[in-house]
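> After the structure tokens below, expect a handful of questions from me.
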Amino acid sequence: MKDIKFSVKSNLAIADNIFRMELKTSAKLPQIMCGQFLNLEVVGHDDLILRRPFCICDFGADWVSVVYAVLGKGTTALSKLKTGTNINALLPLGNGFVLDKKYTKIAIIGGGLGVAPLLSISKCYLDKEYKKYLGFASKKSVILEKEFGIATTITTDDGSYGIKGYPTTALENDIIGGYKPDIILTCGSHNMMGAVAKLATKYNIPALASTEERMACGIGACLVCVCKVNGRYARVCADGPVFDIRGLAL
Amino acid sequence: MKKNTINTSITIAGVTFKNPIIAASGTFGFGREYSKLYDISTLGGFCTKGLTVEPREGNAPPRIAETYMGILNSVGLQNPGIDAFVRDELPFLSRLDTIRIANVAGNTKEEYIEIVKRVSQASLSHCEERNDEAISRKKPIDMIELNISCPNVAAGGMSFGVCPTSVESIVSAVRPYAKLPMIVKLTPNVANIAENARAAENAGADAISLINTIAGMAVNYKTRKPILARGFGGLSGPAVKPIALKMTHDCYKAVKIPIIGMGGITTAEDIMEFMLCGATAVQIGTANFSNPNICFSLVKDLTNILKECNINDVREVIGALEA
Ligand SMILES: Cc1cc2nc3c(=O)[nH]c(=O)nc-3n(C[C@H](O)[C@H](O)[C@H](O)COP(=O)(O)OP(=O)(O)OC[C@H]3O[C@@H](n4cnc5c(N)ncnc54)[C@H](O)[C@@H]3O)c2cc1C
Ligand SMILES: Cc1cc2nc3c(=O)[nH]c(=O)nc-3n(C[C@H](O)[C@H](O)[C@H](O)COP(=O)(O)O)c2cc1C
Ligand code: FES
């Protein structure tokens with residue numbers, strides 16, 4: 001974990017109201033695990049004093065990328081940053097998707113922006129078999145389809161692209177057809193992860209889910225980002241953001 | 001050229017700090033997280049998260065809202081309780097070369113007495129148990145900071161820190177049990193903070209610190225609900241700085257014991273301003289969230305600013321505000 005000075009390499013809209021920002025640095029990046037996040041300084045809006053947490057979507061030796069939705073003041077300011085702007089990010093934070101060796105068949109289910117932290121899983125674990133199910137509201141919100149590559153099923157709620165329906169339904173259909181993943185990895189809306197939790201219980205498949213909560217320090221010191229895990233408060237930033245889905249109140 | 005050494009050390013109640021920069025309670029955990037980013041022994045000191053006798057769960061999330069140049073928090077006093085603190089944190093604290101201040105709280109007079117007793121005991125007995133020469137004389141906790149902003153259950157939930165009589169009564173009740181120098185942390189949510197400072201001094205406080213957070217609210221007009229689950233929270237960050245400065249100055253005029261000032265400090269200039277208004281040392285809270293290395297950087301920045309101002313000893317600045 002290190003506070004690193006980056007410069008904006010690119011910052012472009014990739015879908016309706018969704019941007020992808022690539023940050024490069026001359027500093028040495030600490031080792032990053034898929035599912036970890038960073039806490040990004042908001043440059044260009046002096047009234048804001050908190051950083052903004054974003055999943056590390058992809059990374060290389062001297063760069064990281066985040067994919068973000070423009071929602072409020074912070075993300076609006078970020079969406080206006082020009083190439084070359086200096087910006088600090090504390091990273092890598094949280095636990096990420098830590099997988100036991102025994103799992104070989106991995107099912108990935110993402111909803112909307114929740115697909116971002118799932119992209120680099122196959123980069124961190126090369127020797128696994130993946131099936132990916134990505135759900136979006138409609139055609140104009142589909143992101144990262146090309147990057148996810150083969151074995152990817154896209155669903156849209158309104159049927160304007162891919163299969164009409166939810167990604168959980170697509171996975172369940174495959175399970176009924178004989179597919180038995182060793183583990184499910186997921187990130188998405190509360191409702192979608194709730195549906196994943198039900199599937200995991202119904203077919204007795206372990207599942208890990210990446211969660212969100214409002215944050216301040218991002219490193220476990222201030223206790224503002226808690227959520228209930230197995231009935232007790234855990235820090236999303238330091239004990240998570242990835243938790244065993246059975247412990248979450250979904 | 002003459003080499004200019006600048007003194008940054010200050011002393012409070014017989015305890016010497018390398019520099020006046022102290023990380024504030026609740027923003028710095030028990031020091032472990034920030035020590036992964038930099039050597040926290042470079043700081044003057046730090047305050048632990050508020051400790052209570054029993055473990056506390058804290059408030060429901062969301063616990064934070066961002067406001068203009070500030071944040072509202074409603075963490076509550078989530079902490080593992082004194083037993084877990086002694087077992088899990090004291091060994092780590094004992095290895096640090098900085099002033100460690102245990103921030104403590106309670107909801108009854110008895111709870112305050114108990115926590116102060118237990119923290120004192122834990123710190124002093126930790127030294128005796130160690131035969132190791134190098135650390136045998138080093139206490140893992142150097143001072144106690146009494147957070148008196150908590151609601152007093154026996155008084156219908158009114159804060160212990162709210163009026164001079166209740167301040168005097170709680171501070172004098174715990175004083176005999178505090179075997180370490182005791183700082184009383186004042187709440188700004190009062191009619192006249194200087195009177196409360198005086199009450200704390202009369203009751204035996206060795207120092208006072210201020211300000212704790214200012215009560216506030218944030219609302220989402222679309223959902224027609226407060227943003228914080230608890231409805232309200234405590235404001236901190238640059239937005240509170242002018243209030244905190246005046247309160248520091250008011251208290252400086254009212255008491256002789258040292259003052260630790262805080263509220264919105266982000267830069268070395270801010271530290272100079274608080275010290276001019278009478279602070280012997282300062283605490284840094286919310287700024288740790290904007291820049292995780294801020295306390296570490298401020299140590300250097302303060303030396304530089306003293307150099308620029310031709311000041312050889314930081315103690316010259318304390319209370320040097322001119323009319
Ligand atoms: C671990 C983690 C990973 C995340 N990854 C991504 C990602 O990859 N892409 C993406 O678009 N978003 C992600 N988010 C959510 C993102 O942090 C928020 O959308 C963003 O902070 C909103 O900032 P704002 O100033 O535009 O919104 P505002 O509503 O103006 O922000 C006000 C405050 O609330 C906080 N906040 C608002 N919404 C959220 C939220 N959903 N989660 C946490 N804090 C919030 C902000 O950080 C800020 O402190 C992630 C959140 C967490 C906790
Ligand atoms: C998240 C958070 C938690 C806090 N927890 C405590 C606490 O447990 N005990 C306490 O005395 N003060 C607590 N405080 C108050 C700070 O120590 C400090 O008094 C206040 O934030 C003002 O300083 P600042 O503007 O530099 O943050 C907390 C503040 C924040 C932001
Ligand atoms: S954001 Fe501070 S503990 Fe998680």
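Quick note on naming: the chains in the structure tokens go A, B, ... in the order shown, residues restart at 1 in each chain, and ligands are numbered from 1 in order of appearance.
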Skipping near chain neighbours, those fewer than 6 positions away, what residues fall within 10 Å of A:Tyr130 using only C-alpha atoms, listed as a list in words?
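Result of the neighbour search: Thr104, Lys105, Ile106, Ala107, Ile108, Ile121, Ser122, Ile150, Ala151, Thr152 and Pro181 of chain A.
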> For the residues in the current selection, export all heavy atoms as a PDB file, in the first residue's frame.

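Writing the result to again_15.pdb gives the following:
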ATOM      1  N   THR A 104     -11.040 -24.691  -9.795  1.00  0.00           N
ATOM      2  CA  THR A 104     -10.557 -24.546 -11.168  1.00  0.00           C
ATOM      3  C   THR A 104     -11.630 -23.963 -12.094  1.00  0.00           C
ATOM      4  O   THR A 104     -11.320 -23.216 -13.001  1.00  0.00           O
ATOM      5  CB  THR A 104     -10.055 -25.883 -11.755  1.00  0.00           C
ATOM      6  OG1 THR A 104     -11.097 -26.843 -11.624  1.00  0.00           O
ATOM      7  CG2 THR A 104      -8.821 -26.382 -11.026  1.00  0.00           C
ATOM      8  N   LYS A 105     -12.895 -24.334 -11.860  1.00  0.00           N
ATOM      9  CA  LYS A 105     -13.960 -23.811 -12.725  1.00  0.00           C
ATOM     10  C   LYS A 105     -14.596 -22.597 -12.062  1.00  0.00           C
ATOM     11  O   LYS A 105     -15.240 -22.712 -11.017  1.00  0.00           O
ATOM     12  CB  LYS A 105     -15.006 -24.897 -12.988  1.00  0.00           C
ATOM     13  CG  LYS A 105     -14.551 -25.875 -14.081  1.00  0.00           C
ATOM     14  CD  LYS A 105     -15.651 -26.835 -14.470  1.00  0.00           C
ATOM     15  CE  LYS A 105     -15.710 -27.954 -13.438  1.00  0.00           C
ATOM     16  NZ  LYS A 105     -16.815 -28.883 -13.636  1.00  0.00           N
ATOM     17  N   ILE A 106     -14.378 -21.452 -12.665  1.00  0.00           N
ATOM     18  CA  ILE A 106     -14.797 -20.200 -12.039  1.00  0.00           C
ATOM     19  C   ILE A 106     -15.933 -19.565 -12.838  1.00  0.00           C
ATOM     20  O   ILE A 106     -15.791 -19.337 -14.043  1.00  0.00           O
ATOM     21  CB  ILE A 106     -13.632 -19.172 -12.023  1.00  0.00           C
ATOM     22  CG1 ILE A 106     -12.303 -19.822 -11.632  1.00  0.00           C
ATOM     23  CG2 ILE A 106     -13.968 -17.969 -11.149  1.00  0.00           C
ATOM     24  CD1 ILE A 106     -12.115 -20.109 -10.190  1.00  0.00           C
ATOM     25  N   ALA A 107     -17.034 -19.234 -12.150  1.00  0.00           N
ATOM     26  CA  ALA A 107     -18.103 -18.475 -12.796  1.00  0.00           C
ATOM     27  C   ALA A 107     -18.030 -17.040 -12.304  1.00  0.00           C
ATOM     28  O   ALA A 107     -17.946 -16.789 -11.096  1.00  0.00           O
ATOM     29  CB  ALA A 107     -19.461 -19.076 -12.461  1.00  0.00           C
ATOM     30  N   ILE A 108     -18.012 -16.106 -13.248  1.00  0.00           N
ATOM     31  CA  ILE A 108     -17.946 -14.692 -12.903  1.00  0.00           C
ATOM     32  C   ILE A 108     -19.277 -14.056 -13.262  1.00  0.00           C
ATOM     33  O   ILE A 108     -19.753 -14.210 -14.396  1.00  0.00           O
ATOM     34  CB  ILE A 108     -16.779 -14.032 -13.677  1.00  0.00           C
ATOM     35  CG1 ILE A 108     -15.456 -14.477 -13.046  1.00  0.00           C
ATOM     36  CG2 ILE A 108     -16.918 -12.517 -13.694  1.00  0.00           C
ATOM     37  CD1 ILE A 108     -14.228 -13.990 -13.774  1.00  0.00           C
ATOM     38  N   ILE A 121      -9.490 -10.712 -13.017  1.00  0.00           N
ATOM     39  CA  ILE A 121      -9.389 -12.010 -12.329  1.00  0.00           C
ATOM     40  C   ILE A 121      -8.629 -13.030 -13.187  1.00  0.00           C
ATOM     41  O   ILE A 121      -7.713 -13.700 -12.713  1.00  0.00           O
ATOM     42  CB  ILE A 121     -10.791 -12.558 -11.960  1.00  0.00           C
ATOM     43  CG1 ILE A 121     -11.447 -11.648 -10.912  1.00  0.00           C
ATOM     44  CG2 ILE A 121     -10.687 -13.988 -11.425  1.00  0.00           C
ATOM     45  CD1 ILE A 121     -12.888 -11.985 -10.596  1.00  0.00           C
ATOM     46  N   SER A 122      -8.991 -13.073 -14.472  1.00  0.00           N
ATOM     47  CA  SER A 122      -8.355 -14.091 -15.320  1.00  0.00           C
ATOM     48  C   SER A 122      -6.880 -13.777 -15.583  1.00  0.00           C
ATOM     49  O   SER A 122      -6.108 -14.639 -15.969  1.00  0.00           O
ATOM     50  CB  SER A 122      -9.110 -14.236 -16.644  1.00  0.00           C
ATOM     51  OG  SER A 122      -9.164 -12.990 -17.288  1.00  0.00           O
ATOM     52  N   ILE A 150     -13.489 -14.260 -24.635  1.00  0.00           N
ATOM     53  CA  ILE A 150     -14.306 -15.454 -24.902  1.00  0.00           C
ATOM     54  C   ILE A 150     -15.056 -15.919 -23.646  1.00  0.00           C
ATOM     55  O   ILE A 150     -14.749 -15.503 -22.543  1.00  0.00           O
ATOM     56  CB  ILE A 150     -13.439 -16.624 -25.429  1.00  0.00           C
ATOM     57  CG1 ILE A 150     -12.262 -16.851 -24.455  1.00  0.00           C
ATOM     58  CG2 ILE A 150     -12.951 -16.367 -26.840  1.00  0.00           C
ATOM     59  CD1 ILE A 150     -11.655 -18.217 -24.567  1.00  0.00           C
ATOM     60  N   ALA A 151     -16.023 -16.793 -23.884  1.00  0.00           N
ATOM     61  CA  ALA A 151     -16.842 -17.399 -22.824  1.00  0.00           C
ATOM     62  C   ALA A 151     -17.600 -16.351 -22.015  1.00  0.00           C
ATOM     63  O   ALA A 151     -17.762 -16.479 -20.805  1.00  0.00           O
ATOM     64  CB  ALA A 151     -15.991 -18.279 -21.921  1.00  0.00           C
ATOM     65  N   THR A 152     -18.004 -15.273 -22.678  1.00  0.00           N
ATOM     66  CA  THR A 152     -18.753 -14.219 -21.995  1.00  0.00           C
ATOM     67  C   THR A 152     -20.195 -14.166 -22.509  1.00  0.00           C
ATOM     68  O   THR A 152     -20.416 -14.094 -23.716  1.00  0.00           O
ATOM     69  CB  THR A 152     -18.072 -12.850 -22.227  1.00  0.00           C
ATOM     70  OG1 THR A 152     -16.737 -12.924 -21.742  1.00  0.00           O
ATOM     71  CG2 THR A 152     -18.813 -11.738 -21.494  1.00  0.00           C
ATOM     72  N   PRO A 181     -19.863 -24.825 -11.618  1.00  0.00           N
ATOM     73  CA  PRO A 181     -18.654 -24.076 -11.236  1.00  0.00           C
ATOM     74  C   PRO A 181     -18.215 -24.447  -9.815  1.00  0.00           C
ATOM     75  O   PRO A 181     -19.050 -24.806  -8.984  1.00  0.00           O
ATOM     76  CB  PRO A 181     -19.111 -22.618 -11.304  1.00  0.00           C
ATOM     77  CG  PRO A 181     -20.591 -22.638 -11.225  1.00  0.00           C
ATOM     78  CD  PRO A 181     -21.057 -23.968 -11.720  1.00  0.00           C
TER      79      PRO A 181
END
> What are the closest atom pairs, with distances in Å to one decimal, for all residues of chain B lying within 6 Å of ligand 2? Consider only C-alpha atoms and all ligand atoms, order rows by chain and residue number, and present the result as JSON lines.

{"residue": "B:Ala24", "atom": "CA", "partner": "ligand 2", "partner_atom_place_in_ligand_line": "17 (O)", "distance": 4.3}
{"residue": "B:Ser25", "atom": "CA", "partner": "ligand 2", "partner_atom_place_in_ligand_line": "17 (O)", "distance": 4.0}
{"residue": "B:Gly26", "atom": "CA", "partner": "ligand 2", "partner_atom_place_in_ligand_line": "5 (N)", "distance": 3.3}
{"residue": "B:Thr27", "atom": "CA", "partner": "ligand 2", "partner_atom_place_in_ligand_line": "2 (C)", "distance": 5.2}
{"residue": "B:Lys49", "atom": "CA", "partner": "ligand 2", "partner_atom_place_in_ligand_line": "8 (O)", "distance": 4.6}
{"residue": "B:Gly50", "atom": "CA", "partner": "ligand 2", "partner_atom_place_in_ligand_line": "8 (O)", "distance": 3.7}
{"residue": "B:Asn73", "atom": "CA", "partner": "ligand 2", "partner_atom_place_in_ligand_line": "1 (C)", "distance": 5.5}
{"residue": "B:Leu77", "atom": "CA", "partner": "ligand 2", "partner_atom_place_in_ligand_line": "8 (O)", "distance": 5.5}
{"residue": "B:Asn147", "atom": "CA", "partner": "ligand 2", "partner_atom_place_in_ligand_line": "11 (O)", "distance": 4.7}
{"residue": "B:Ile211", "atom": "CA", "partner": "ligand 2", "partner_atom_place_in_ligand_line": "19 (O)", "distance": 5.2}
{"residue": "B:Asn212", "atom": "CA", "partner": "ligand 2", "partner_atom_place_in_ligand_line": "19 (O)", "distance": 3.5}
{"residue": "B:Thr213", "atom": "CA", "partner": "ligand 2", "partner_atom_place_in_ligand_line": "20 (C)", "distance": 4.9}
{"residue": "B:Ser236", "atom": "CA", "partner": "ligand 2", "partner_atom_place_in_ligand_line": "25 (O)", "distance": 3.9}
{"residue": "B:Gly237", "atom": "CA", "partner": "ligand 2", "partner_atom_place_in_ligand_line": "25 (O)", "distance": 3.6}
{"residue": "B:Met262", "atom": "CA", "partner": "ligand 2", "partner_atom_place_in_ligand_line": "23 (O)", "distance": 5.1}
{"residue": "B:Gly263", "atom": "CA", "partner": "ligand 2", "partner_atom_place_in_ligand_line": "25 (O)", "distance": 3.5}
{"residue": "B:Gly264", "atom": "CA", "partner": "ligand 2", "partner_atom_place_in_ligand_line": "25 (O)", "distance": 3.5}
{"residue": "B:Ile265", "atom": "CA", "partner": "ligand 2", "partner_atom_place_in_ligand_line": "26 (O)", "distance": 5.2}
{"residue": "B:Ile284", "atom": "CA", "partner": "ligand 2", "partner_atom_place_in_ligand_line": "26 (O)", "distance": 4.3}
{"residue": "B:Gly285", "atom": "CA", "partner": "ligand 2", "partner_atom_place_in_ligand_line": "27 (O)", "distance": 3.5}
{"residue": "B:Thr286", "atom": "CA", "partner": "ligand 2", "partner_atom_place_in_ligand_line": "27 (O)", "distance": 3.7}
> Go ahead and write the residues just picked, C-alpha atoms, as a tab-separated table (two decimals), in the first residue's frame.

chain	number	residue	atom	x	y	z
B	24	ALA	CA	-6.33	12.82	16.38
B	25	SER	CA	-8.50	10.16	17.99
B	26	GLY	CA	-10.79	8.17	15.73
B	27	THR	CA	-8.93	8.98	12.54
B	49	LYS	CA	-9.69	5.47	18.88
B	50	GLY	CA	-11.99	6.08	21.89
B	73	ASN	CA	-19.30	11.25	11.03
B	77	LEU	CA	-17.49	4.56	19.85
B	147	ASN	CA	-13.44	12.33	25.87
B	211	ILE	CA	-12.33	20.84	19.67
B	212	ASN	CA	-14.21	17.60	19.31
B	213	THR	CA	-16.68	17.53	16.42
B	236	SER	CA	-14.84	18.12	11.28
B	237	GLY	CA	-12.36	19.29	8.67
B	262	MET	CA	-7.46	20.94	16.64
B	263	GLY	CA	-10.22	21.34	14.10
B	264	GLY	CA	-9.58	21.46	10.38
B	265	ILE	CA	-5.80	21.60	10.47
B	284	ILE	CA	-4.67	16.35	12.93
B	285	GLY	CA	-7.82	14.33	12.18
B	286	THR	CA	-9.81	14.63	8.98
> Sorted by chain and rising residue number, list the residues of chain A at most 7 Å from ligand 1 (counting only C-alpha atoms and all ligand atoms), each with its closest atom pair and distance in Å to one decimal, as CSV.

residue,atom,partner,partner_atom_place_in_ligand_line,distance
A:Phe37,CA,ligand 1,1 (C),5.7
A:Leu50,CA,ligand 1,49 (O),5.7
A:Arg51,CA,ligand 1,47 (O),6.5
A:Arg52,CA,ligand 1,21 (O),4.4
A:Pro53,CA,ligand 1,17 (O),4.2
A:Phe54,CA,ligand 1,5 (N),3.4
A:Cys55,CA,ligand 1,8 (O),3.9
A:Ile56,CA,ligand 1,8 (O),6.6
A:Cys57,CA,ligand 1,8 (O),6.7
A:Val66,CA,ligand 1,8 (O),5.9
A:Val67,CA,ligand 1,9 (N),5.2
A:Tyr68,CA,ligand 1,11 (O),3.1
A:Ala69,CA,ligand 1,11 (O),4.0
A:Val70,CA,ligand 1,26 (O),5.9
A:Leu71,CA,ligand 1,26 (O),4.4
A:Gly72,CA,ligand 1,26 (O),3.2
A:Lys73,CA,ligand 1,25 (O),4.3
A:Gly74,CA,ligand 1,25 (O),3.1
A:Thr75,CA,ligand 1,26 (O),3.7
A:Thr76,CA,ligand 1,26 (O),6.0
A:Leu113,CA,ligand 1,9 (N),5.8
A:Gly114,CA,ligand 1,8 (O),6.9
A:Ala116,CA,ligand 1,8 (O),5.6
A:Pro117,CA,ligand 1,8 (O),6.4
A:Thr211,CA,ligand 1,1 (C),6.5
A:Glu212,CA,ligand 1,53 (C),3.9
A:Glu213,CA,ligand 1,43 (C),4.6
A:Arg214,CA,ligand 1,44 (N),3.7
A:Met215,CA,ligand 1,44 (N),5.9
A:Cys237,CA,ligand 1,1 (C),6.4
A:Pro241,CA,ligand 1,1 (C),5.7
> Distance atom CA of B:Ile6-atom CA of B:Ile22, one decimal place?
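About the pair atom CA of B:Ile6 and atom CA of B:Ile22: they are 18.7 Å apart.
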> Compute the chain B side of the contact with chain A at 6 Å, counting only C-alpha atoms, and hand it back as a list in words.
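Close to chain A, chain B has Gly26, Thr27, Phe28, Gly29, Arg63, Tyr68, Met69, Val75, Phe289 and Ser290 of chain B.
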> What is the distance between atom CA of A:Ser26 and atom CA of A:Thr83, in Å to one decimal?
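Separation between atom CA of A:Ser26 and atom CA of A:Thr83: 15.5 Å.
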> Using only C-alpha atoms, which protein or nucleic acid residues come within 8 Å of B:Ala13? Drop anything in the same chain fewer than 2 positions from it, and give the result as number ranges by chain.
B: 11, 15, 181, 206-207, 258
> Excluding A:Ile87 and residues on its chain fewer than 4 positions from it, collect all residues at most 6 Å away from it, counting only C-alpha atoms, and give them as number ranges by chain.
A: 5-7
> Could the residues in this selection be saved with all heavy atoms as a PDB file, in the first residue's frame?

ATOM      1  N   LYS A   5       1.900   8.986  -7.013  1.00  0.00           N
ATOM      2  CA  LYS A   5       1.583  10.092  -7.908  1.00  0.00           C
ATOM      3  C   LYS A   5       1.462   9.567  -9.332  1.00  0.00           C
ATOM      4  O   LYS A   5       2.395   8.986  -9.870  1.00  0.00           O
ATOM      5  CB  LYS A   5       2.702  11.137  -7.825  1.00  0.00           C
ATOM      6  CG  LYS A   5       2.393  12.405  -8.552  1.00  0.00           C
ATOM      7  CD  LYS A   5       3.443  13.442  -8.215  1.00  0.00           C
ATOM      8  CE  LYS A   5       3.419  14.558  -9.233  1.00  0.00           C
ATOM      9  NZ  LYS A   5       4.499  15.514  -8.968  1.00  0.00           N
ATOM     10  N   PHE A   6       0.280   9.743  -9.894  1.00  0.00           N
ATOM     11  CA  PHE A   6       0.022   9.294 -11.254  1.00  0.00           C
ATOM     12  C   PHE A   6      -0.178  10.503 -12.142  1.00  0.00           C
ATOM     13  O   PHE A   6      -0.397  11.611 -11.655  1.00  0.00           O
ATOM     14  CB  PHE A   6      -1.273   8.472 -11.311  1.00  0.00           C
ATOM     15  CG  PHE A   6      -1.163   7.092 -10.733  1.00  0.00           C
ATOM     16  CD1 PHE A   6      -1.535   6.844  -9.417  1.00  0.00           C
ATOM     17  CD2 PHE A   6      -0.714   6.033 -11.500  1.00  0.00           C
ATOM     18  CE1 PHE A   6      -1.461   5.566  -8.881  1.00  0.00           C
ATOM     19  CE2 PHE A   6      -0.638   4.748 -10.972  1.00  0.00           C
ATOM     20  CZ  PHE A   6      -1.005   4.517  -9.663  1.00  0.00           C
ATOM     21  N   SER A   7      -0.171  10.267 -13.463  1.00  0.00           N
ATOM     22  CA  SER A   7      -0.674  11.299 -14.352  1.00  0.00           C
ATOM     23  C   SER A   7      -1.723  10.650 -15.251  1.00  0.00           C
ATOM     24  O   SER A   7      -1.653   9.454 -15.556  1.00  0.00           O
ATOM     25  CB  SER A   7       0.466  11.976 -15.112  1.00  0.00           C
ATOM     26  OG  SER A   7       0.667  11.350 -16.323  1.00  0.00           O
TER      27      SER A   7
END
> Smallest atom-to-atom distance to A:Cys124: which of A:Gly44, A:Gly60, A:Gly162, A:Pro206, using only C-alpha atoms?
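Looking at the shortest contact to A:Cys124, the residue is A:Gly60.
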> Considering only C-alpha atoms, state which residue in the set A:Leu248, A:Val8, A:Leu185, A:Leu144 is at the smallest distance from A:Thr85.
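Using only C-alpha atoms, A:Thr85 sits closest to A:Val8.
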> Can you list, as JSON, numbers by chain, all residues belonging to stretch 85-137 of chain A that DSSP tags as alpha helix (DSSP H)?
{"A": [121, 122, 123, 124]}
> Next, write the just-selected residues to a file, as a PDB file, in the first residue's frame, keeping N, CA and C atoms as the atom set.

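Result file is selection15.pdb:
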ATOM      1  N   ILE A 121      -9.490 -10.712 -13.017  1.00  0.00           N
ATOM      2  CA  ILE A 121      -9.389 -12.010 -12.329  1.00  0.00           C
ATOM      3  C   ILE A 121      -8.629 -13.030 -13.187  1.00  0.00           C
ATOM      4  N   SER A 122      -8.991 -13.073 -14.472  1.00  0.00           N
ATOM      5  CA  SER A 122      -8.355 -14.091 -15.320  1.00  0.00           C
ATOM      6  C   SER A 122      -6.880 -13.777 -15.583  1.00  0.00           C
ATOM      7  N   LYS A 123      -6.503 -12.534 -15.306  1.00  0.00           N
ATOM      8  CA  LYS A 123      -5.100 -12.141 -15.447  1.00  0.00           C
ATOM      9  C   LYS A 123      -4.302 -12.585 -14.220  1.00  0.00           C
ATOM     10  N   CYS A 124      -4.965 -12.586 -13.041  1.00  0.00           N
ATOM     11  CA  CYS A 124      -4.297 -12.975 -11.799  1.00  0.00           C
ATOM     12  C   CYS A 124      -4.234 -14.488 -11.656  1.00  0.00           C
TER      13      CYS A 124
END
> Near stretch 292-308 of chain B, counting only C-alpha atoms, which residues have an atom at most 10 Å away, once you skip same-chain residues fewer than 4 positions from it, shown as a ChimeraX atom specification?
/A:2-3,89-90,217-219 /B:4-8,18-23,34,37-44,46,266-272,283-288,312-314,317
> Please compute the atom CA of A:Gly165-atom CA of A:Asn204 distance, one decimal, in Å.
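Calculated distance between atom CA of A:Gly165 and atom CA of A:Asn204 is 23.0 Å.
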> Step one, run DSSP on the backbone; step two, keep only residues of stretch 199-311 of chain B assigned to strand (DSSP E or B); then write them as a PyMOL selection string.
chain B and resi 207-210+214-216+219-220+225-226+233-236+259-262+281-284
> Considering only C-alpha atoms, return as a PyMOL selection string whatever protein or nucleic-acid residues lie within 12 Å of A:Ser189, sequence-local ones (same chain, fewer than 6 positions apart) excluded.
chain A and resi 109-115+135-137+166-167+195-196+209-212+250
> Point out the residue among A:Leu81, A:Val229, A:Val43, A:Leu29 with the least atom-to-atom distance to A:Ala61, counting only C-alpha atoms.
A:Leu29
> Do a neighbour search on stretch 200-202 of chain B at 7 Å with only C-alpha atoms, toss out local chain neighbours closer than 6 positions, and write the hits as a VMD selection string.
chain B and resid 167 to 168 171 184 255 257
> Just checking: using only C-alpha atoms and all ligand atoms, which residue out of B:Ala239, B:Ile64, B:Ala197, B:Ala173 ends up closest to ligand 3?
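Distance minimum relative to ligand 3 lands on B:Ile64.
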> Kindly indicate which residue among A:Leu199, A:Ile163, A:Leu38, A:Met192 lies nearest to ligand 3, using only C-alpha atoms and all ligand atoms for the distances.
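Distance minimum relative to ligand 3 lands on A:Leu38.
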> Here is a test: counting only C-alpha atoms, which residue of B:Leu321, B:Ile170, B:Ile311, B:Leu235 is nearest to B:Cys277?
B:Leu321
